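Raw start06.cif, mmCIF, C-alpha atoms and all ligand atoms:
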data_model
#
loop_
_atom_site.group_PDB
_atom_site.id
_atom_site.type_symbol
_atom_site.label_atom_id
_atom_site.label_comp_id
_atom_site.auth_asym_id
_atom_site.auth_seq_id
_atom_site.Cartn_x
_atom_site.Cartn_y
_atom_site.Cartn_z
ATOM 1 C CA MET A 940 77.239 128.178 127.340
ATOM 2 C CA SER A 941 79.651 126.946 124.661
ATOM 3 C CA SER A 942 80.591 129.247 121.785
ATOM 4 C CA ASP A 943 78.977 126.675 119.462
ATOM 5 C CA HIS A 944 75.744 127.078 121.343
ATOM 6 C CA ALA A 945 75.977 130.841 121.297
ATOM 7 C CA LYS A 946 76.501 130.754 117.527
ATOM 8 C CA SER A 947 73.527 128.447 116.934
ATOM 9 C CA SER A 948 71.281 130.367 119.299
ATOM 10 C CA SER A 949 71.619 133.495 117.241
ATOM 11 C CA TYR A 950 70.966 131.731 113.928
ATOM 12 C CA LEU A 951 67.406 132.574 112.857
ATOM 13 C CA GLY A 952 66.611 133.037 116.538
ATOM 14 C CA LEU A 953 66.818 129.274 117.140
ATOM 15 C CA HIS A 954 67.628 128.017 120.614
ATOM 16 C CA LEU A 955 69.199 124.735 119.710
ATOM 17 C CA ASN A 956 72.011 122.977 121.512
ATOM 18 C CA PRO A 957 74.212 121.435 118.765
ATOM 19 C CA ALA A 958 75.079 118.412 120.937
ATOM 20 C CA GLU A 959 71.381 117.725 121.531
ATOM 21 C CA PHE A 960 70.697 118.168 117.820
ATOM 22 C CA ARG A 961 73.376 115.589 116.940
ATOM 23 C CA LYS A 962 72.126 113.215 119.636
ATOM 24 C CA ALA A 963 68.522 113.495 118.476
ATOM 25 C CA CYS A 964 69.503 112.841 114.831
ATOM 26 C CA GLY A 965 71.664 109.905 115.996
ATOM 27 C CA ALA A 966 68.561 108.299 117.512
ATOM 28 C CA PHE A 967 67.403 107.632 113.953
ATOM 29 C CA ALA A 968 68.933 104.212 113.190
ATOM 30 C CA THR A 969 70.257 103.971 109.636
ATOM 31 C CA GLY A 970 72.145 101.671 107.365
ATOM 32 C CA VAL A 971 75.668 102.538 106.269
ATOM 33 C CA ALA A 972 76.815 103.004 102.671
ATOM 34 C CA VAL A 973 79.862 104.033 100.683
ATOM 35 C CA ALA A 974 78.945 106.681 98.092
ATOM 36 C CA ALA A 975 81.455 106.808 95.240
ATOM 37 C CA VAL A 976 82.340 108.583 91.997
ATOM 38 C CA MET A 977 85.119 108.459 89.422
ATOM 39 C CA GLY A 978 87.077 111.683 89.615
ATOM 40 C CA ARG A 979 88.294 113.802 86.735
ATOM 41 C CA ASP A 980 91.728 112.547 87.812
ATOM 42 C CA GLY A 981 90.646 109.080 86.632
ATOM 43 C CA LYS A 982 90.698 107.797 90.220
ATOM 44 C CA PRO A 983 87.845 106.471 92.370
ATOM 45 C CA HIS A 984 86.678 108.629 95.280
ATOM 46 C CA GLY A 985 84.292 107.598 98.004
ATOM 47 C CA LEU A 986 83.140 108.221 101.544
ATOM 48 C CA THR A 987 81.039 106.557 104.196
ATOM 49 C CA VAL A 988 77.521 108.001 104.411
ATOM 50 C CA ASN A 989 74.390 107.384 106.407
ATOM 51 C CA SER A 990 72.526 110.293 104.806
ATOM 52 C CA PHE A 991 71.368 108.024 101.972
ATOM 53 C CA THR A 992 67.604 108.290 101.416
ATOM 54 C CA SER A 993 65.295 106.858 98.802
ATOM 55 C CA VAL A 994 63.264 109.797 97.517
ATOM 56 C CA SER A 995 60.902 108.673 94.734
ATOM 57 C CA LEU A 996 59.789 105.391 93.157
ATOM 58 C CA GLU A 997 58.590 106.852 89.842
ATOM 59 C CA PRO A 998 61.037 108.038 88.690
ATOM 60 C CA PRO A 999 63.474 106.156 90.964
ATOM 61 C CA LEU A 1000 65.391 108.874 92.826
ATOM 62 C CA VAL A 1001 67.768 108.703 95.779
ATOM 63 C CA LEU A 1002 69.933 111.245 97.570
ATOM 64 C CA VAL A 1003 73.080 111.518 99.645
ATOM 65 C CA CYS A 1004 74.244 114.596 101.573
ATOM 66 C CA ILE A 1005 77.952 115.420 101.626
ATOM 67 C CA GLY A 1006 79.640 117.990 103.823
ATOM 68 C CA HIS A 1007 81.373 120.881 102.037
ATOM 69 C CA LYS A 1008 84.586 120.127 103.912
ATOM 70 C CA ALA A 1009 84.796 116.492 102.783
ATOM 71 C CA ALA A 1010 87.646 115.845 100.356
ATOM 72 C CA THR A 1011 85.199 113.871 98.201
ATOM 73 C CA HIS A 1012 82.866 116.869 97.866
ATOM 74 C CA GLY A 1013 84.873 118.204 94.898
ATOM 75 C CA PRO A 1014 84.807 114.951 92.910
ATOM 76 C CA PHE A 1015 81.064 114.596 93.609
ATOM 77 C CA SER A 1016 80.443 118.133 92.391
ATOM 78 C CA SER A 1017 81.916 117.406 88.966
ATOM 79 C CA ALA A 1018 80.692 113.813 88.544
ATOM 80 C CA SER A 1019 77.913 112.756 86.175
ATOM 81 C CA ALA A 1020 77.248 109.489 87.997
ATOM 82 C CA PHE A 1021 77.613 108.019 91.486
ATOM 83 C CA THR A 1022 77.059 104.742 93.252
ATOM 84 C CA VAL A 1023 75.604 103.958 96.643
ATOM 85 C CA ASN A 1024 77.132 100.751 98.012
ATOM 86 C CA ILE A 1025 75.062 99.592 100.986
ATOM 87 C CA LEU A 1026 77.289 97.750 103.447
ATOM 88 C CA SER A 1027 76.661 94.396 105.077
ATOM 89 C CA GLU A 1028 77.374 93.606 108.717
ATOM 90 C CA GLU A 1029 80.701 92.010 107.687
ATOM 91 C CA GLN A 1030 81.877 95.285 106.111
ATOM 92 C CA ARG A 1031 82.431 97.400 109.218
ATOM 93 C CA ASP A 1032 86.111 97.700 108.256
ATOM 94 C CA LEU A 1033 85.134 99.223 104.889
ATOM 95 C CA SER A 1034 82.934 101.756 106.655
ATOM 96 C CA ALA A 1035 85.859 102.754 108.882
ATOM 97 C CA ARG A 1036 88.230 102.905 105.907
ATOM 98 C CA PHE A 1037 85.928 105.191 103.881
ATOM 99 C CA ALA A 1038 85.412 107.512 106.842
ATOM 100 C CA SER A 1039 89.148 107.729 107.565
ATOM 101 C CA SER A 1040 91.934 109.972 106.343
ATOM 102 C CA HIS A 1041 93.518 107.048 104.449
ATOM 103 C CA PRO A 1042 95.297 108.604 101.423
ATOM 104 C CA ASN A 1043 93.906 105.985 99.028
ATOM 105 C CA ARG A 1044 90.734 104.480 100.424
ATOM 106 C CA PHE A 1045 90.313 102.118 97.461
ATOM 107 C CA GLU A 1046 93.756 100.535 97.919
ATOM 108 C CA GLY A 1047 93.276 96.794 98.404
ATOM 109 C CA VAL A 1048 89.497 97.136 98.020
ATOM 110 C CA ASP A 1049 87.719 94.859 95.548
ATOM 111 C CA TRP A 1050 85.891 97.215 93.147
ATOM 112 C CA TYR A 1051 85.113 97.746 89.477
ATOM 113 C CA GLU A 1052 83.742 100.476 87.250
ATOM 114 C CA GLY A 1053 79.981 100.062 86.918
ATOM 115 C CA GLU A 1054 77.884 100.709 83.805
ATOM 116 C CA LEU A 1055 77.804 104.465 84.420
ATOM 117 C CA GLY A 1056 81.519 104.601 85.166
ATOM 118 C CA ALA A 1057 81.179 105.031 88.938
ATOM 119 C CA PRO A 1058 82.914 102.574 91.313
ATOM 120 C CA VAL A 1059 81.024 99.511 92.533
ATOM 121 C CA LEU A 1060 82.280 97.682 95.644
ATOM 122 C CA ASN A 1061 82.234 93.914 95.244
ATOM 123 C CA GLY A 1062 80.532 92.223 98.168
ATOM 124 C CA ALA A 1063 78.222 95.128 99.062
ATOM 125 C CA LEU A 1064 74.797 94.103 100.323
ATOM 126 C CA ALA A 1065 73.138 96.267 97.658
ATOM 127 C CA VAL A 1066 74.351 98.635 94.952
ATOM 128 C CA LEU A 1067 72.552 101.518 93.271
ATOM 129 C CA GLU A 1068 74.093 103.065 90.153
ATOM 130 C CA CYS A 1069 72.835 106.605 89.674
ATOM 131 C CA GLU A 1070 72.949 109.326 87.085
ATOM 132 C CA MET A 1071 73.574 112.689 88.767
ATOM 133 C CA ARG A 1072 70.386 114.762 88.422
ATOM 134 C CA GLU A 1073 70.569 117.698 90.845
ATOM 135 C CA ARG A 1074 72.835 119.308 93.374
ATOM 136 C CA MET A 1075 71.187 121.397 96.083
ATOM 137 C CA GLU A 1076 73.037 123.489 98.628
ATOM 138 C CA ALA A 1077 71.737 122.908 102.143
ATOM 139 C CA GLY A 1078 73.647 124.658 104.913
ATOM 140 C CA ASP A 1079 77.133 123.144 105.217
ATOM 141 C CA HIS A 1080 76.196 120.130 103.043
ATOM 142 C CA THR A 1081 75.233 119.565 99.401
ATOM 143 C CA ILE A 1082 72.342 117.248 98.564
ATOM 144 C CA PHE A 1083 73.211 115.086 95.549
ATOM 145 C CA LEU A 1084 70.092 113.702 93.870
ATOM 146 C CA GLY A 1085 70.477 110.729 91.551
ATOM 147 C CA LEU A 1086 68.284 108.863 89.090
ATOM 148 C CA VAL A 1087 68.784 105.142 89.696
ATOM 149 C CA ARG A 1088 69.714 103.336 86.498
ATOM 150 C CA ARG A 1089 70.709 99.969 87.988
ATOM 151 C CA ALA A 1090 70.101 98.323 91.329
ATOM 152 C CA GLY A 1091 71.151 94.978 92.746
ATOM 153 C CA VAL A 1092 70.885 93.297 96.105
ATOM 154 C CA ARG A 1093 72.164 90.048 97.609
ATOM 155 C CA ASP A 1094 71.069 88.063 100.639
ATOM 156 C CA GLY A 1095 72.614 89.149 103.907
ATOM 157 C CA ALA A 1096 72.286 91.411 106.919
ATOM 158 C CA PRO A 1097 72.978 95.165 106.893
ATOM 159 C CA LEU A 1098 75.453 97.153 108.912
ATOM 160 C CA VAL A 1099 73.449 99.456 111.179
ATOM 161 C CA TYR A 1100 74.455 102.789 112.723
ATOM 162 C CA PHE A 1101 72.671 104.032 115.829
ATOM 163 C CA SER A 1102 73.619 106.616 118.408
ATOM 164 C CA GLY A 1103 77.174 106.945 117.068
ATOM 165 C CA LYS A 1104 77.887 103.186 117.109
ATOM 166 C CA TYR A 1105 77.804 100.314 114.661
ATOM 167 C CA ARG A 1106 75.164 97.681 115.393
ATOM 168 C CA GLU A 1107 73.939 94.463 113.862
ATOM 169 C CA LEU A 1108 70.329 93.399 113.410
ATOM 170 C CA LYS A 1109 69.616 90.557 115.797
HETATM 171 C C1 LIG B 1201 78.573 105.955 109.895
HETATM 172 C C2 LIG B 1201 79.058 107.222 109.244
HETATM 173 C C3 LIG B 1201 78.191 107.960 108.454
HETATM 174 C C4 LIG B 1201 78.611 109.141 107.821
HETATM 175 N N1 LIG B 1201 77.749 109.822 107.006
HETATM 176 C C5 LIG B 1201 78.151 110.929 106.347
HETATM 177 C C6 LIG B 1201 77.282 111.598 105.437
HETATM 178 O O1 LIG B 1201 76.149 111.200 105.218
HETATM 179 N N2 LIG B 1201 77.767 112.709 104.804
HETATM 180 C C7 LIG B 1201 79.041 113.180 105.011
HETATM 181 O O2 LIG B 1201 79.420 114.188 104.405
HETATM 182 N N3 LIG B 1201 79.894 112.552 105.862
HETATM 183 C C8 LIG B 1201 79.474 111.440 106.522
HETATM 184 N N4 LIG B 1201 80.331 110.767 107.357
HETATM 185 C C9 LIG B 1201 81.692 111.271 107.531
HETATM 186 C C10 LIG B 1201 82.556 110.914 106.353
HETATM 187 O O3 LIG B 1201 82.560 109.545 106.005
HETATM 188 C C11 LIG B 1201 84.005 111.353 106.627
HETATM 189 O O4 LIG B 1201 84.043 112.501 107.376
HETATM 190 C C12 LIG B 1201 84.608 111.650 105.337
HETATM 191 O O5 LIG B 1201 85.008 110.467 104.781
HETATM 192 C C13 LIG B 1201 85.693 112.684 105.510
HETATM 193 O O6 LIG B 1201 86.702 112.378 104.657
HETATM 194 P P1 LIG B 1201 87.059 113.270 103.364
HETATM 195 O O7 LIG B 1201 87.118 114.674 103.846
HETATM 196 O O8 LIG B 1201 88.401 112.741 103.014
HETATM 197 O O9 LIG B 1201 86.035 112.990 102.324
HETATM 198 C C14 LIG B 1201 79.936 109.589 107.998
HETATM 199 C C15 LIG B 1201 80.815 108.837 108.802
HETATM 200 C C16 LIG B 1201 80.384 107.662 109.408
HETATM 201 C C17 LIG B 1201 81.359 106.857 110.239
#
Transcribe the structure of this file into structure tokens.
Amino acid sequence: MSSDHAKSSSYLGLHLNPAEFRKACGAFATGVAVAAVMGRDGKPHGLTVNSFTSVSLEPPLVLVCIGHKAATHGPFSSASAFTVNILSEEQRDLSARFASSHPNRFEGVDWYEGELGAPVLNGALAVLECEMRERMEAGDHTIFLGLVRRAGVRDGAPLVYFSGKYRELK
């Protein structure tokens, strides 16, 4: 039994193997997005997420979950707006870039400040510009809930993530 397993087993009396948990969650195919904010430092910050979920139509609410250890967690915690840039199948490199330890992920990336001040990636399949509404602590992640103020979509195919790998819809 791994120490990870031992730790999880004792939590609330659950008998859950963390590897199985990750594998089971990974069986849920998702799109891939870059969630982004403007930091108090005046610089754009963003990370690759697949935790994006549409929550409500009226009012239009969406959420992303960000791990406490992510460097972008701080900027998200103090931001009043964020964007969700849904990636197309041609943007696999952007997904890798925004999940990497690159010191300046926006370097060489085509982006602009959207209406709410948060960064918008040119060429994204769809973009949602959101006003930050609520932050909810959930285990080792924070759930950031946003009210969608603007949304746009172009024709194209999405980048898909399934079982730890990028896929394309065929
Ligand atoms: C496809 C994919 C989806 C991801 N989804 C999330 C997510 O929803 N939330 C999260 O906190 N990290 C997610 N990550 C990991 C972050 O992108 C990555 O760990 C993060 O950029 C760490 O860098 P930072 O600490 O510099 O922010 C995902 C990574 C990939 C490749």
From the options A:Leu996, A:Ala1090, A:Val1099, A:Val1048, which residue's atoms come nearest to ligand LIG 1201 (chain B), counting only C-alpha atoms and all ligand atoms?
A:Val1099
Nearest-residue call for Val973 in chain A, choices A:Arg1036, A:Gly1006, A:Gly1053, A:His954, using all atoms listed in the file
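Between A:Arg1036, A:Gly1006, A:Gly1053, A:His954, the residue approaching Val973 in chain A most closely is A:Arg1036.
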If we count all atoms listed in the file and set the cut-off at 10 Å, which residues sit around Leu1026 in chain A, ignoring sequence neighbours fewer than 3 positions away in its own chain? Please answer as a list in words.
Gly970, Val971, Ala972, Val973, Thr987, Val1023, Glu1029, Gln1030, Arg1031, Leu1033, Ser1034, Leu1060, Gly1062, Ala1063, Leu1064, Ala1065, Val1066, Gly1095, Ala1096, Pro1097, Leu1098 and Val1099 of chain A
May I have the residues from that selection written out with C-alpha atoms, as a tab-separated table (two decimals), in the frame of the given file?
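The resulting file, out01.tsv, is shown below:
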chain	number	residue	atom	x	y	z
A	970	GLY	CA	72.14	101.67	107.36
A	971	VAL	CA	75.67	102.54	106.27
A	972	ALA	CA	76.82	103.00	102.67
A	973	VAL	CA	79.86	104.03	100.68
A	987	THR	CA	81.04	106.56	104.20
A	1023	VAL	CA	75.60	103.96	96.64
A	1029	GLU	CA	80.70	92.01	107.69
A	1030	GLN	CA	81.88	95.28	106.11
A	1031	ARG	CA	82.43	97.40	109.22
A	1033	LEU	CA	85.13	99.22	104.89
A	1034	SER	CA	82.93	101.76	106.66
A	1060	LEU	CA	82.28	97.68	95.64
A	1062	GLY	CA	80.53	92.22	98.17
A	1063	ALA	CA	78.22	95.13	99.06
A	1064	LEU	CA	74.80	94.10	100.32
A	1065	ALA	CA	73.14	96.27	97.66
A	1066	VAL	CA	74.35	98.64	94.95
A	1095	GLY	CA	72.61	89.15	103.91
A	1096	ALA	CA	72.29	91.41	106.92
A	1097	PRO	CA	72.98	95.16	106.89
A	1098	LEU	CA	75.45	97.15	108.91
A	1099	VAL	CA	73.45	99.46	111.18
Please tabulate, as a tab-separated table, the residues of range 966-1051 of chain A that come within 7 Å of range 1070-1080 of chain A, each with its closest pair of atoms and the distance in Å to one decimal, counting all atoms listed in the file and ordering rows by chain, then residue number upward.
residue	atom	partner	partner_atom	distance
A:Cys1004	CA	A:His1080	CA	6.0
A:Ile1005	CA	A:His1080	CA	5.2
A:Gly1006	CA	A:His1080	CA	4.1
A:His1007	CA	A:His1080	CA	5.3
A:Ser1019	CA	A:Met1071	CA	5.1
A:Ala1020	CA	A:Glu1070	CA	4.4
A:Phe1021	CA	A:Glu1070	CA	6.5
On this file, the PyMOL selection byres (((chain A and resi 1008-1013) around 10) and not hetatm) gives some set of residues; write that set as a ChimeraX atom specification.
/A:974-976,978-979,983-986,1004-1007,1014-1018,1038,1040,1079-1081
Nearest to ligand LIG 1201 (chain B) by atom-to-atom distance, counting all atoms listed in the file, from A:Glu997, A:Asp980, A:Glu1046, A:Asp1032
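Ranking A:Glu997, A:Asp980, A:Glu1046, A:Asp1032 by distance to ligand LIG 1201 (chain B), first place goes to A:Asp1032.
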Residue with smallest distance to Asp1094 in chain A - pool A:Ser1039, A:Ser993, A:Asn1061, A:Ser1027, counting all atoms listed in the file
A:Ser1027
Find the axis-aligned box for ligand LIG 1201 (chain B), covering all its listed atoms and adding 3 Å on each side, and write its centre and edge lengths in Å to one decimal as lines of an AutoDock Vina configuration file.
center_x = 82.3
center_y = 110.3
center_z = 106.3
size_x = 18.3
size_y = 14.7
size_z = 13.9
Using atom C7 of ligand LIG 1201 (chain B) and CA of Asn989 in chain A as the two end points, give the distance in Å to one decimal.
7.6 Å
Applied to the shown file, which residues does the PyMOL selection byres (((chain A and resi 968) around 12) and not hetatm) return, written as a PyMOL selection string?
chain A and resi 962-967+969-971+989-990+1097-1108
Under the rule that all atoms listed in the file are counted, which of A:Asn1024, A:Asn1043, A:Asn956, A:Ser995 is the nearest residue to Gly1085 in chain A?
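When distances to Gly1085 in chain A are compared using all atoms listed in the file, the smallest one comes from A:Ser995.
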A:Lys982, A:Phe1037, A:Glu959, A:Pro998 ranked by distance to ligand LIG 1201 (chain B), top pick (using all atoms listed in the file)
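Among the listed residues, A:Phe1037 lies closest to ligand LIG 1201 (chain B).
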Å distance separating atom O8 of ligand LIG 1201 (chain B) from CA of Glu1068 in chain A, one decimal place:
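Computing the Euclidean distance for atom O8 of ligand LIG 1201 (chain B) and CA of Glu1068 in chain A yields 21.5 Å.
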Students should find that atom N3 of ligand LIG 1201 (chain B) and CA of Val988 in chain A are spaced 5.3 Å
